[in-house]
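So this block is structure.cif, mmCIF, C-alpha atoms:
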```
data_input
loop_
_atom_site.label_atom_id
_atom_site.label_comp_id
_atom_site.auth_asym_id
_atom_site.auth_seq_id
_atom_site.Cartn_x
_atom_site.Cartn_y
_atom_site.Cartn_z
CA MET V 1145 0.00 0.00 0.00
CA LYS V 1146 1.27 3.46 -0.91
CA ALA V 1147 1.87 6.09 1.75
CA GLU V 1148 -0.84 8.38 0.31
CA ASP V 1149 -3.35 5.48 0.45
CA VAL V 1150 -2.59 5.01 4.14
CA VAL V 1151 -3.06 8.73 4.79
CA SER V 1152 -6.33 8.69 2.86
CA ALA V 1153 -7.62 5.63 4.78
CA ILE V 1154 -6.76 7.28 8.10
CA GLU V 1155 -8.56 10.46 7.01
CA ASN V 1156 -11.67 8.48 6.04
CA ILE V 1157 -11.75 6.61 9.34
CA THR V 1158 -11.15 9.84 11.25
CA GLU V 1159 -14.10 11.41 9.46
CA VAL V 1160 -16.39 8.48 10.38
CA ILE V 1161 -15.26 8.58 14.04
CA TYR V 1162 -15.72 12.35 14.17
CA ASP V 1163 -19.18 12.05 12.61
CA VAL V 1164 -20.25 9.37 15.10
CA ALA V 1165 -18.87 11.41 18.03
CA THR V 1166 -20.70 14.53 16.83
CA LYS V 1167 -24.01 12.64 16.54
CA LEU V 1168 -23.57 11.15 20.02
CA ASN V 1169 -22.61 14.52 21.45
CA ASN V 1170 -25.72 16.14 19.96
CA VAL V 1171 -27.92 13.45 21.50
CA ILE V 1172 -26.19 13.73 24.89
CA SER V 1173 -26.48 17.52 25.12
CA LYS V 1174 -30.14 17.41 24.00
CA ASN V 1175 -30.97 14.87 26.71
CA LYS V 1176 -29.02 16.33 29.62
CA ASP V 1177 -31.87 18.32 31.18
CA ASP V 1178 -34.40 15.48 30.84
CA ALA V 1179 -31.87 13.00 32.23
CA GLU V 1180 -31.34 15.17 35.33
CA VAL V 1181 -35.07 15.22 36.09
CA ILE V 1182 -35.36 11.46 35.54
CA ALA V 1183 -32.31 10.80 37.74
CA ALA V 1184 -33.86 12.90 40.54
CA SER V 1185 -37.15 10.98 40.12
CA ILE V 1186 -35.35 7.64 40.39
CA VAL V 1187 -33.72 8.82 43.63
CA HIS V 1188 -37.09 9.95 45.04
CA SER V 1189 -38.66 6.63 43.97
CA ILE V 1190 -36.06 4.82 46.07
CA ILE V 1191 -35.68 7.05 49.13
CA GLY V 1192 -38.91 9.05 49.01
CA GLY V 1193 -39.18 12.81 49.59
CA TRP V 1194 -41.21 13.70 46.49
CA THR V 1195 -42.15 17.38 46.32
CA GLU V 1196 -44.80 18.98 44.13
CA GLU V 1197 -41.95 20.61 42.17
CA ASN V 1198 -40.32 17.20 41.49
CA LYS V 1199 -43.66 15.82 40.33
CA ALA V 1200 -44.29 18.80 38.05
CA SER V 1201 -40.80 18.49 36.50
CA LEU V 1202 -41.31 14.78 35.86
CA ASP V 1203 -44.73 15.51 34.39
CA ALA V 1204 -43.25 18.05 31.95
CA VAL V 1205 -40.52 15.61 30.86
CA VAL V 1206 -43.06 12.79 30.38
CA LYS V 1207 -45.31 15.02 28.22
CA SER V 1208 -42.38 16.26 26.12
CA LEU V 1209 -40.94 12.76 25.54
CA HIS V 1210 -44.38 11.36 24.70
CA ALA V 1211 -44.88 14.12 22.10
CA ARG V 1212 -41.45 13.41 20.56
CA ILE V 1213 -42.22 9.68 20.32
CA GLN V 1214 -45.67 10.21 18.84
CA ALA V 1215 -44.49 12.67 16.17
CA PRO V 1216 -45.95 11.45 12.86
CA LEU V 1217 -43.67 9.38 10.63
CA PRO V 1218 -43.07 10.32 7.01
CA GLU V 1219 -45.10 8.39 4.46
CA ALA V 1220 -44.06 4.74 4.11
CA THR V 1221 -42.03 3.68 1.08
CA ASP V 1222 -41.05 0.28 -0.36
CA ASP V 1223 -37.47 0.97 0.70
CA ASP V 1224 -38.41 1.08 4.46
CA VAL V 1225 -37.21 -1.61 6.86
CA MET J 297 -61.72 -10.58 80.16
CA LYS J 298 -65.44 -9.88 79.56
CA LYS J 299 -65.21 -7.01 82.00
CA GLN J 300 -62.25 -5.51 80.08
CA LEU J 301 -64.09 -5.79 76.76
CA ALA J 302 -67.16 -4.15 78.25
CA VAL J 303 -65.02 -1.27 79.55
CA LEU J 304 -63.47 -0.87 76.12
CA LEU J 305 -66.86 -0.80 74.39
CA VAL J 306 -68.23 1.71 76.88
CA ALA J 307 -65.13 3.84 76.35
CA PHE J 308 -65.75 3.90 72.58
CA SER J 309 -69.45 4.59 72.95
CA LEU J 310 -68.77 7.47 75.34
CA ALA J 311 -66.13 8.96 73.10
CA GLY J 312 -68.73 10.71 70.95
CA CYS J 313 -68.91 11.51 67.28
CA ALA J 314 -65.57 13.35 67.03
CA GLU J 315 -63.67 10.44 68.49
CA GLY J 316 -65.67 8.06 66.29
CA ASN J 317 -64.58 9.97 63.21
CA ARG J 318 -60.95 9.88 64.31
CA PHE J 319 -61.22 6.14 64.83
CA THR J 320 -62.77 5.69 61.35
CA SER J 321 -60.02 7.83 59.87
CA PHE J 322 -57.35 5.74 61.62
CA ILE J 323 -58.85 2.50 60.30
CA SER J 324 -59.06 4.03 56.84
CA ASN J 325 -55.40 5.12 56.97
CA ALA J 326 -54.29 1.74 58.24
CA ALA J 327 -56.18 0.07 55.39
CA SER J 328 -54.43 2.24 52.83
CA ILE J 329 -51.01 1.51 54.38
CA GLN J 330 -51.68 -2.21 54.13
CA ASN J 331 -52.71 -1.84 50.45
CA PRO J 332 -49.95 -3.49 48.39
CA VAL J 333 -50.21 -0.82 45.67
CA SER J 334 -49.82 2.80 46.74
CA ILE J 335 -49.59 6.26 45.14
CA ASP J 336 -45.79 5.93 45.44
CA ASP J 337 -46.08 3.01 43.03
CA PHE J 338 -47.71 5.37 40.56
CA GLN J 339 -44.75 7.78 40.77
CA LYS J 340 -42.39 4.81 40.31
CA ALA J 341 -44.30 3.68 37.20
CA LYS J 342 -44.23 7.22 35.82
CA THR J 343 -40.47 7.45 36.47
CA ALA J 344 -39.93 4.07 34.75
CA TYR J 345 -41.93 5.37 31.78
CA ALA J 346 -39.78 8.53 31.56
CA ALA J 347 -36.53 6.55 31.85
CA LEU J 348 -37.66 4.39 28.92
CA ALA J 349 -39.21 7.19 26.87
CA LEU J 350 -35.89 9.08 26.72
CA PRO J 351 -33.98 6.46 24.67
CA VAL J 352 -37.16 5.65 22.70
CA ALA J 353 -37.54 9.34 21.73
CA ASN J 354 -33.89 9.38 20.61
CA TYR J 355 -34.47 6.23 18.56
CA ARG J 356 -37.63 7.75 17.05
CA GLU J 357 -35.68 10.79 15.86
CA LEU J 358 -32.98 8.82 14.02
CA PRO J 359 -33.26 8.80 10.24
CA LEU J 360 -35.20 5.79 8.97
CA CYS J 361 -33.20 2.73 7.91
CA LYS J 362 -33.65 1.81 4.27
CA LYS J 363 -33.17 -1.52 2.54
CA SER J 364 -30.76 0.35 0.27
CA LYS J 365 -28.97 2.00 3.23
CA PRO J 366 -29.10 -0.24 6.32
CA PHE J 367 -27.79 0.48 9.82
CA SER J 368 -24.02 0.79 10.12
CA ILE J 369 -21.49 2.59 12.31
CA SER J 370 -21.65 5.56 9.93
CA ASN J 371 -25.42 5.35 9.43
CA PHE J 372 -27.32 5.42 12.71
CA CYS J 373 -30.90 4.72 11.72
CA ALA J 374 -34.19 3.36 13.10
CA LYS J 375 -36.48 0.69 11.69
CA ARG J 376 -39.87 2.09 10.75
CA SER J 377 -41.59 -1.17 11.77
CA VAL J 378 -40.06 -0.93 15.27
CA ILE J 379 -41.01 2.75 15.64
CA VAL J 380 -44.63 2.00 14.71
CA LYS J 381 -44.84 -0.71 17.39
CA LEU J 382 -43.05 1.50 19.97
CA GLN J 383 -45.60 4.26 19.30
CA GLU J 384 -48.44 1.81 20.03
CA TYR J 385 -46.91 0.65 23.33
CA ASP J 386 -46.03 4.23 24.25
CA ALA J 387 -49.57 5.48 23.60
CA TYR J 388 -51.08 2.72 25.71
CA ALA J 389 -48.63 3.20 28.61
CA TYR J 390 -49.13 6.98 28.55
CA ASP J 391 -52.93 6.60 28.53
CA THR J 392 -52.97 4.18 31.46
CA LEU J 393 -50.66 6.49 33.45
CA GLU J 394 -52.93 9.43 32.67
CA LYS J 395 -56.01 7.46 33.76
CA ALA J 396 -54.29 6.49 37.02
CA GLU J 397 -53.26 10.10 37.63
CA ASN J 398 -56.78 11.38 37.03
CA TYR J 399 -58.14 8.69 39.34
CA ILE J 400 -55.69 9.69 42.10
CA ALA J 401 -56.55 13.38 41.59
CA SER J 402 -60.26 12.60 42.02
CA ASN J 403 -59.49 11.22 45.52
CA GLN J 404 -61.18 7.92 44.76
CA THR J 405 -59.69 4.84 46.37
CA LEU J 406 -61.92 1.90 45.46
CA ASN J 407 -60.08 0.96 42.24
CA LEU J 408 -56.76 2.63 43.07
CA ALA J 409 -54.81 -0.63 43.11
CA SER J 410 -56.21 -1.78 39.78
CA VAL J 411 -55.58 1.50 37.89
CA ILE J 412 -51.99 1.74 39.21
CA SER J 413 -51.35 -1.95 38.49
CA ALA J 414 -52.64 -1.46 34.93
CA ALA J 415 -50.22 1.45 34.46
CA LYS J 416 -47.30 -0.59 35.85
CA LEU J 417 -48.12 -3.51 33.56
CA ALA J 418 -48.41 -1.26 30.49
CA VAL J 419 -44.99 0.31 31.21
CA GLN J 420 -43.48 -3.15 31.79
CA THR J 421 -44.86 -4.46 28.47
CA TYR J 422 -43.47 -1.36 26.72
CA GLN J 423 -40.06 -1.94 28.37
CA ASP J 424 -40.03 -5.59 27.29
CA TYR J 425 -40.70 -4.77 23.64
CA ALA J 426 -38.12 -1.95 23.62
CA ALA J 427 -35.48 -4.19 25.26
CA LYS J 428 -36.07 -6.92 22.66
CA ASN J 429 -35.15 -4.32 20.04
CA GLY J 430 -32.04 -3.12 21.84
CA ILE J 431 -33.59 0.00 23.43
CA LYS J 432 -33.07 0.01 27.17
CA SER J 433 -33.67 2.56 29.89
#
```

Represent the structure from my file as structure tokens, please.
Amino acid sequence: MKAEDVVSAIENITEVIYDVATKLNNVISKNKDDAEVIAASIVHSIIGGWTEENKASLDAVVKSLHARIQAPLPEATDDDV
Amino acid sequence: MKKQLAVLLVAFSLAGCAEGNRFTSFISNAASIQNPVSIDDFQKAKTAYAALALPVANYRELPLCKKSKPFSISNFCAKRSVIVKLQEYDAYAYDTLEKAENYIASNQTLNLASVISAAKLAVQTYQDYAAKNGIKS
């Protein structure tokens, strides 16, 4: 294999890794606030101490996640899995 | 023994209406404590739903996998058929949680255990399907 082929292969792999990392990072940052509320709810489910504020925060997260899940799908095509 | 019981009964009968109400309230509270399903269980079920809904929502928002462009490390995608099923389970779990919440808010207690149990079961069924497809809370 030529030196330029090796450099090109490394660049391609770097691009894939960077792309994957960017996608994961976008997902992580988008979920951080929801994850904090859920983590607090898990703690309260185990040790108690629910407040009305905790319940309201969980309620808002549940409604928002439900809406995201139920968002309509694009029209089906023969190419779908 | 009979004498002690008689004294106890007289004591209750002399206690009057206010004391009677307190006694009824105590029995009612004790009954709810002994109930195997409580309002805390509802909050637990709602938390379990949220913990599952977060990865499901992320999965839902991935681009759709295509026969011509399947899932790979450089193509994160979601199967349409799995999303459709997840939406069904999600809708049912959300509805049963909402019904349980409305029931709790109405201060009814007769069917409390059954509405909370239904919500727990719906969330569990949703979790099982998601886990089978690699989506875990």

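Closest approach to Ser1208 of chain V among J:Ala341, J:Leu350, J:Glu397, J:Leu382: J:Leu350, based on all atoms listed in the file.
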
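Comparing J:Asn398, J:Gln420, J:Ser334, J:Ser377 by their smallest distance to chain V, the closest is J:Ser377 (using all atoms listed in the file).
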
For chain J, which residues have at least one atom within 7 Å of chain V, if we go by all atoms listed in the file? Write them as a tab-separated table (two decimals) with C-alpha atoms, keeping the file's coordinate frame, please.
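Okay, this is what ended up in result_20.tsv:
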```tsv
chain	number	residue	atom	x	y	z
J	339	GLN	CA	-44.75	7.78	40.77
J	340	LYS	CA	-42.39	4.81	40.31
J	343	THR	CA	-40.47	7.45	36.47
J	346	ALA	CA	-39.78	8.53	31.56
J	347	ALA	CA	-36.53	6.55	31.85
J	349	ALA	CA	-39.21	7.19	26.87
J	350	LEU	CA	-35.89	9.08	26.72
J	352	VAL	CA	-37.16	5.65	22.70
J	353	ALA	CA	-37.54	9.34	21.73
J	356	ARG	CA	-37.63	7.75	17.05
J	361	CYS	CA	-33.20	2.73	7.91
J	362	LYS	CA	-33.65	1.81	4.27
J	363	LYS	CA	-33.17	-1.52	2.54
J	364	SER	CA	-30.76	0.35	0.27
J	370	SER	CA	-21.65	5.56	9.93
J	375	LYS	CA	-36.48	0.69	11.69
J	376	ARG	CA	-39.87	2.09	10.75
J	377	SER	CA	-41.59	-1.17	11.77
J	383	GLN	CA	-45.60	4.26	19.30
```

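Using only C-alpha atoms, the protein and nucleic acid residues lying at most 10 Å from the point (-48.4, 4.8, 44.4) are Ser1189 of chain V; Asn331, Pro332, Val333, Ser334, Ile335, Asp336, Asp337, Phe338, Gln339, Lys340, Ala341, Lys342, Ala396, Glu397, Ile400, Leu408, Ala409, Ile412 and Ser413 of chain J.
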
Inset, instruction - Could you jot down the atom CA of Asn1198 of chain V to atom CA of Ser410 of chain J separation for me, Å, one decimal place? - result: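 Computed distance, atom CA of Asn1198 of chain V to atom CA of Ser410 of chain J, equals 24.8 Å.
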
Inset, instruction - Work out how far atom CA of Glu1180 of chain V is from atom CA of Gly1193 of chain V, in Å to one decimal. - result: 16.4 Å

Inset, instruction - Calculate how many Å separate atom CA of Ala374 of chain J from atom CA of Asp424 of chain J, rounding to one decimal. - result: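 If I compute the distance from atom CA of Ala374 of chain J to atom CA of Asp424 of chain J, I get 17.8 Å.
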
Legend entry - Evaluate the PyMOL selection byres ((chain J and resi 389) around 9) and report residues as a ChimeraX atom specification: /J:345,384-388,390-394,414-422
